[in-house]
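This is run_10.cif. It holds mmCIF, C-alpha atoms.
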data_structure
loop_
_atom_site.group_PDB
_atom_site.id
_atom_site.type_symbol
_atom_site.label_atom_id
_atom_site.label_comp_id
_atom_site.auth_asym_id
_atom_site.auth_seq_id
_atom_site.Cartn_x
_atom_site.Cartn_y
_atom_site.Cartn_z
ATOM 1 C CA MET U 1 96.456 94.838 103.216
ATOM 2 C CA ILE U 2 92.947 96.215 103.073
ATOM 3 C CA GLN U 3 90.376 93.513 102.641
ATOM 4 C CA MET U 4 86.810 93.462 101.551
ATOM 5 C CA LEU U 5 84.241 90.811 100.803
ATOM 6 C CA THR U 6 80.821 90.953 99.300
ATOM 7 C CA ARG U 7 77.834 88.687 98.830
ATOM 8 C CA ARG U 8 76.171 88.470 95.428
ATOM 9 C CA GLN U 9 72.457 89.023 95.096
ATOM 10 C CA ASN U 10 70.110 86.314 93.856
ATOM 11 C CA GLU U 11 72.628 83.859 92.464
ATOM 12 C CA ILE U 12 71.496 80.295 93.024
ATOM 13 C CA SER U 13 73.876 77.431 92.441
ATOM 14 C CA HIS U 14 73.328 73.688 92.227
ATOM 15 C CA ILE U 15 69.660 73.820 91.205
ATOM 16 C CA PRO U 16 68.405 70.369 90.192
ATOM 17 C CA ALA U 17 67.042 69.764 86.683
ATOM 18 C CA GLY U 18 63.444 70.205 87.879
ATOM 19 C CA GLY U 19 64.181 73.848 88.695
ATOM 20 C CA GLN U 20 63.244 73.597 92.378
ATOM 21 C CA GLN U 21 65.719 75.010 94.824
ATOM 22 C CA PRO U 22 66.535 72.539 97.612
ATOM 23 C CA SER U 23 65.480 73.830 101.028
ATOM 24 C CA GLY U 24 68.241 75.410 103.083
ATOM 25 C CA LEU U 25 70.317 76.462 100.044
ATOM 26 C CA ARG U 26 71.411 80.103 100.100
ATOM 27 C CA LYS U 27 70.444 82.415 97.247
ATOM 28 C CA GLU U 28 73.613 84.499 97.568
ATOM 29 C CA HIS U 29 77.149 83.543 96.601
ATOM 30 C CA PRO U 30 79.793 85.711 98.294
ATOM 31 C CA LEU U 31 82.770 87.404 96.681
ATOM 32 C CA CYS U 32 85.798 88.308 98.787
ATOM 33 C CA GLN U 33 87.821 91.274 97.633
ATOM 34 C CA THR U 34 91.196 92.249 99.006
ATOM 35 C CA VAL U 35 92.773 95.649 98.707
ATOM 36 C CA SER U 36 96.555 95.596 98.849
ATOM 37 C CA LEU U 37 98.557 98.667 99.855
ATOM 38 C CA TRP U 38 101.896 97.333 100.996
ATOM 39 C CA PRO U 39 104.966 95.825 99.386
ATOM 40 C CA ILE U 40 105.301 93.906 102.663
ATOM 41 C CA SER U 41 102.764 93.024 105.353
ATOM 42 C CA PRO U 42 103.191 95.386 108.280
ATOM 43 C CA PRO U 43 101.977 94.266 111.704
ATOM 44 C CA ALA U 44 99.081 96.761 111.651
ATOM 45 C CA ALA U 45 97.561 95.291 108.459
ATOM 46 C CA PRO U 46 94.736 92.745 108.542
ATOM 47 C CA PRO U 47 96.363 89.320 108.425
ATOM 48 C CA PRO U 48 96.453 88.052 104.811
ATOM 49 C CA GLY U 49 94.477 85.015 105.925
ATOM 50 C CA ALA U 50 91.644 87.080 107.395
ATOM 51 C CA ALA U 51 89.960 87.762 104.058
ATOM 52 C CA LYS U 52 90.398 84.144 103.011
ATOM 53 C CA ALA U 53 88.969 82.921 106.312
ATOM 54 C CA ILE U 54 85.972 85.229 106.027
ATOM 55 C CA ALA U 55 85.458 84.313 102.361
ATOM 56 C CA GLN U 56 85.516 80.612 103.200
ATOM 57 C CA ALA U 57 83.151 81.134 106.132
ATOM 58 C CA VAL U 58 80.567 82.866 103.934
ATOM 59 C CA GLY U 59 81.347 80.983 100.707
ATOM 60 C CA GLY U 60 83.140 83.889 99.053
ATOM 61 C CA ASP U 61 85.498 84.422 96.121
ATOM 62 C CA LEU U 62 88.580 86.669 96.426
ATOM 63 C CA TYR U 63 89.283 89.860 94.468
ATOM 64 C CA GLU U 64 92.182 92.270 95.014
ATOM 65 C CA ILE U 65 91.960 96.052 94.689
ATOM 66 C CA ARG U 66 95.382 97.653 94.264
ATOM 67 C CA PRO U 67 96.491 101.281 94.126
ATOM 68 C CA ALA U 68 97.329 102.443 90.598
ATOM 69 C CA VAL U 69 100.752 103.452 91.924
ATOM 70 C CA PRO U 70 101.987 100.759 94.326
ATOM 71 C CA TYR U 71 103.262 101.838 97.717
ATOM 72 C CA THR U 72 106.929 101.402 98.571
ATOM 73 C CA ALA U 73 108.304 100.841 102.045
ATOM 74 C CA ALA U 74 109.396 104.521 102.080
ATOM 75 C CA ASP U 75 105.843 105.577 101.118
ATOM 76 C CA LEU U 76 104.542 103.824 104.217
ATOM 77 C CA ASP U 77 106.947 105.357 106.719
ATOM 78 C CA TRP U 78 104.415 107.049 108.972
ATOM 79 C CA THR U 79 107.214 108.600 111.032
ATOM 80 C CA ASN U 80 108.274 110.683 108.006
ATOM 81 C CA LYS U 81 105.886 113.623 107.608
ATOM 82 C CA LYS U 82 106.815 113.824 103.899
ATOM 83 C CA SER U 83 106.135 110.158 103.125
ATOM 84 C CA ARG U 84 103.285 109.369 100.745
ATOM 85 C CA SER U 85 101.097 107.858 103.479
ATOM 86 C CA SER U 86 101.612 110.890 105.740
ATOM 87 C CA VAL U 87 100.893 113.358 102.934
ATOM 88 C CA GLU U 88 97.736 111.432 101.909
ATOM 89 C CA MET U 89 96.422 111.147 105.445
ATOM 90 C CA ASN U 90 97.019 114.845 106.141
ATOM 91 C CA ASP U 91 94.878 115.765 103.120
ATOM 92 C CA PRO U 92 91.232 114.754 103.677
ATOM 93 C CA ALA U 93 90.511 115.370 99.973
ATOM 94 C CA CYS U 94 93.242 112.986 98.771
ATOM 95 C CA ARG U 95 91.918 110.073 96.709
ATOM 96 C CA PRO U 96 94.660 107.671 95.547
ATOM 97 C CA ALA U 97 93.687 105.992 92.272
ATOM 98 C CA ILE U 98 92.663 102.349 92.243
ATOM 99 C CA ALA U 99 94.371 100.169 89.607
ATOM 100 C CA ALA U 100 91.225 98.252 88.611
ATOM 101 C CA PRO U 101 87.697 98.968 89.836
ATOM 102 C CA VAL U 102 85.304 96.224 90.862
ATOM 103 C CA GLU U 103 83.273 95.188 87.838
ATOM 104 C CA ASN U 104 79.520 94.681 88.169
ATOM 105 C CA MET U 105 79.266 96.007 91.722
ATOM 106 C CA ASP U 106 75.497 96.124 91.263
ATOM 107 C CA GLN U 107 75.307 92.340 91.621
ATOM 108 C CA TYR U 108 76.470 92.460 95.261
ATOM 109 C CA ASP U 109 74.389 93.230 98.322
ATOM 110 C CA THR U 110 76.864 92.882 101.228
ATOM 111 C CA VAL U 111 80.434 94.168 101.489
ATOM 112 C CA PHE U 112 82.909 93.223 104.212
ATOM 113 C CA LEU U 113 85.463 96.031 104.143
ATOM 114 C CA GLY U 114 88.762 95.426 105.925
ATOM 115 C CA PHE U 115 91.655 97.809 106.395
ATOM 116 C CA PRO U 116 94.385 98.886 108.810
ATOM 117 C CA ILE U 117 93.538 101.963 110.826
ATOM 118 C CA TRP U 118 95.807 104.844 109.824
ATOM 119 C CA TRP U 119 95.666 108.038 111.885
ATOM 120 C CA TYR U 120 92.451 106.798 113.605
ATOM 121 C CA VAL U 121 90.594 106.300 110.281
ATOM 122 C CA GLU U 122 90.737 104.233 107.096
ATOM 123 C CA PRO U 123 93.457 104.833 104.477
ATOM 124 C CA ARG U 124 92.396 107.335 101.785
ATOM 125 C CA ILE U 125 92.258 104.658 99.077
ATOM 126 C CA VAL U 126 89.268 103.189 100.941
ATOM 127 C CA ASP U 127 87.524 106.545 100.481
ATOM 128 C CA THR U 128 88.372 106.328 96.767
ATOM 129 C CA PHE U 129 86.691 102.938 96.660
ATOM 130 C CA LEU U 130 83.596 104.073 98.572
ATOM 131 C CA GLU U 131 83.115 107.154 96.409
ATOM 132 C CA SER U 132 83.734 105.398 93.083
ATOM 133 C CA HIS U 133 81.494 102.347 93.453
ATOM 134 C CA ALA U 134 77.700 102.225 93.657
ATOM 135 C CA LEU U 135 77.066 101.129 97.241
ATOM 136 C CA ALA U 136 73.660 102.730 97.829
ATOM 137 C CA GLY U 137 71.438 100.323 99.726
ATOM 138 C CA LYS U 138 74.195 97.732 100.156
ATOM 139 C CA ARG U 139 75.099 96.402 103.582
ATOM 140 C CA VAL U 140 78.711 97.378 104.386
ATOM 141 C CA ILE U 141 80.495 95.715 107.303
ATOM 142 C CA PRO U 142 83.901 97.193 108.222
ATOM 143 C CA PHE U 143 86.641 95.264 109.984
ATOM 144 C CA ALA U 144 90.111 96.495 110.827
ATOM 145 C CA THR U 145 93.388 95.962 112.573
ATOM 146 C CA SER U 146 95.088 98.560 114.668
ATOM 147 C CA GLY U 147 98.120 99.112 116.784
ATOM 148 C CA GLY U 148 95.918 100.661 119.459
ATOM 149 C CA SER U 149 93.028 102.631 117.961
ATOM 150 C CA GLY U 150 89.432 101.466 118.002
ATOM 151 C CA ILE U 151 87.229 101.362 114.892
ATOM 152 C CA ASP U 152 84.760 104.098 115.902
ATOM 153 C CA GLY U 153 86.617 106.999 114.241
ATOM 154 C CA ALA U 154 86.977 104.994 111.051
ATOM 155 C CA THR U 155 83.304 104.010 111.130
ATOM 156 C CA ARG U 156 82.215 107.654 111.352
ATOM 157 C CA SER U 157 84.556 108.573 108.510
ATOM 158 C CA LEU U 158 83.415 105.672 106.318
ATOM 159 C CA GLN U 159 79.764 106.585 106.835
ATOM 160 C CA SER U 160 80.435 110.207 105.887
ATOM 161 C CA HIS U 161 81.984 109.109 102.567
ATOM 162 C CA CYS U 162 79.135 106.746 101.719
ATOM 163 C CA PRO U 163 76.001 107.700 103.686
ATOM 164 C CA GLN U 164 73.679 105.889 101.284
ATOM 165 C CA ALA U 165 75.066 102.451 102.276
ATOM 166 C CA LYS U 166 73.500 100.401 105.074
ATOM 167 C CA TRP U 167 76.343 100.377 107.594
ATOM 168 C CA VAL U 168 76.665 97.518 110.090
ATOM 169 C CA GLN U 169 78.779 97.946 113.224
ATOM 170 C CA GLY U 170 82.235 96.577 112.489
ATOM 171 C CA GLN U 171 85.131 95.769 114.753
ATOM 172 C CA VAL U 172 88.879 95.584 115.116
ATOM 173 C CA LEU U 173 89.755 91.941 114.449
ATOM 174 C CA HIS U 174 91.046 89.804 117.273
ATOM 175 C CA GLY U 175 90.728 86.050 117.221
ATOM 176 C CA ASN U 176 88.596 84.181 114.692
ATOM 177 C CA PRO U 177 87.513 86.309 111.689
ATOM 178 C CA ALA U 178 85.451 83.468 110.194
ATOM 179 C CA ALA U 179 83.308 83.059 113.315
ATOM 180 C CA TRP U 180 82.852 86.841 113.518
ATOM 181 C CA ALA U 181 81.727 87.041 109.870
ATOM 182 C CA LYS U 182 79.178 84.274 110.376
ATOM 183 C CA ARG U 183 77.779 86.034 113.480
ATOM 184 C CA VAL U 184 77.512 89.351 111.646
ATOM 185 C CA LEU U 185 75.710 87.797 108.676
ATOM 186 C CA ALA U 186 73.340 85.884 110.949
ATOM 187 C CA GLY U 187 72.490 88.968 112.975
#

Since I need it in another form, could you write the structure as structure tokens?
Amino acid sequence: MIQMLTRRQNEISHIPAGGQQPSGLRKEHPLCQTVSLWPISPPAAPPPGAAKAIAQAVGGDLYEIRPAVPYTAADLDWTNKKSRSSVEMNDPACRPAIAAPVENMDQYDTVFLGFPIWWYVEPRIVDTFLESHALAGKRVIPFATSGGSGIDGATRSLQSHCPQAKWVQGQVLHGNPAAWAKRVLAG
């Protein structure tokens, strides 16, 4: 599962009748988006609860981005050089279609983007997302899971596909994703 969350710009909730915003109330309301690639959850995928934990930590809503053509278990067999995932990852220009794009992306200012690391970088559908949504000037925070690779190769690749975003150093998730998300947003 690839996961992503965003924070909405300038949405204020629970404003009293007098129109004054109570002190300490945030002006942003987060949205958590998940991108699902697998028919099953492989061990290298971000835990399904990670996006929910991050969304809850930052007050987010969930949204799922799915490939237009769902992946089968055979598609994800990375040991088969002819499997769909292998073919996609061996073609840097490959852009798998997304089933439904994010609507109104312009209302968001921060995106938490989570994914499993495939071949030292993000899956190609993440590139599809980056190149098909207006992310200029938005803060993008990657997080990943990996069977052994770090996030640096993926970070460089992500930045090359969307250089106009404001990239924040991400990390491979270990431990408490909610606490990490809060630290990143505070910093």

task: Using the chain letters and residue numbers of this document, give as a VMD selection string the residues selected by the PyMOL selection byres ((chain U and resi 116-133) around 8).
output: chain U and resid 1 to 2 44 to 46 67 88 to 89 92 94 to 98 101 to 102 105 114 to 115 134 to 135 144 to 146 149 to 151 153 to 155 157 to 158 161 to 162

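You will find atom CA of U:Asp75 at 13.7 Å from atom CA of U:Asn90.
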
message: To test your reading of the syntax: which residues would the PyMOL selection byres ((chain U and resi 167-182) around 8) return for the file shown? Reply as a PyMOL selection string.
response: chain U and resi 46+50+53-58+139-146+150-151+155+159+165-166+183-186

message: So the first atom is atom CA of U:Tyr71 and the second is atom CA of U:Ala100; what is the distance between them in Å, to one decimal place?
response: 15.5 Å

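With atom CA of U:Val111 on one side and atom CA of U:Gly187 on the other, the separation reads 14.9 Å.
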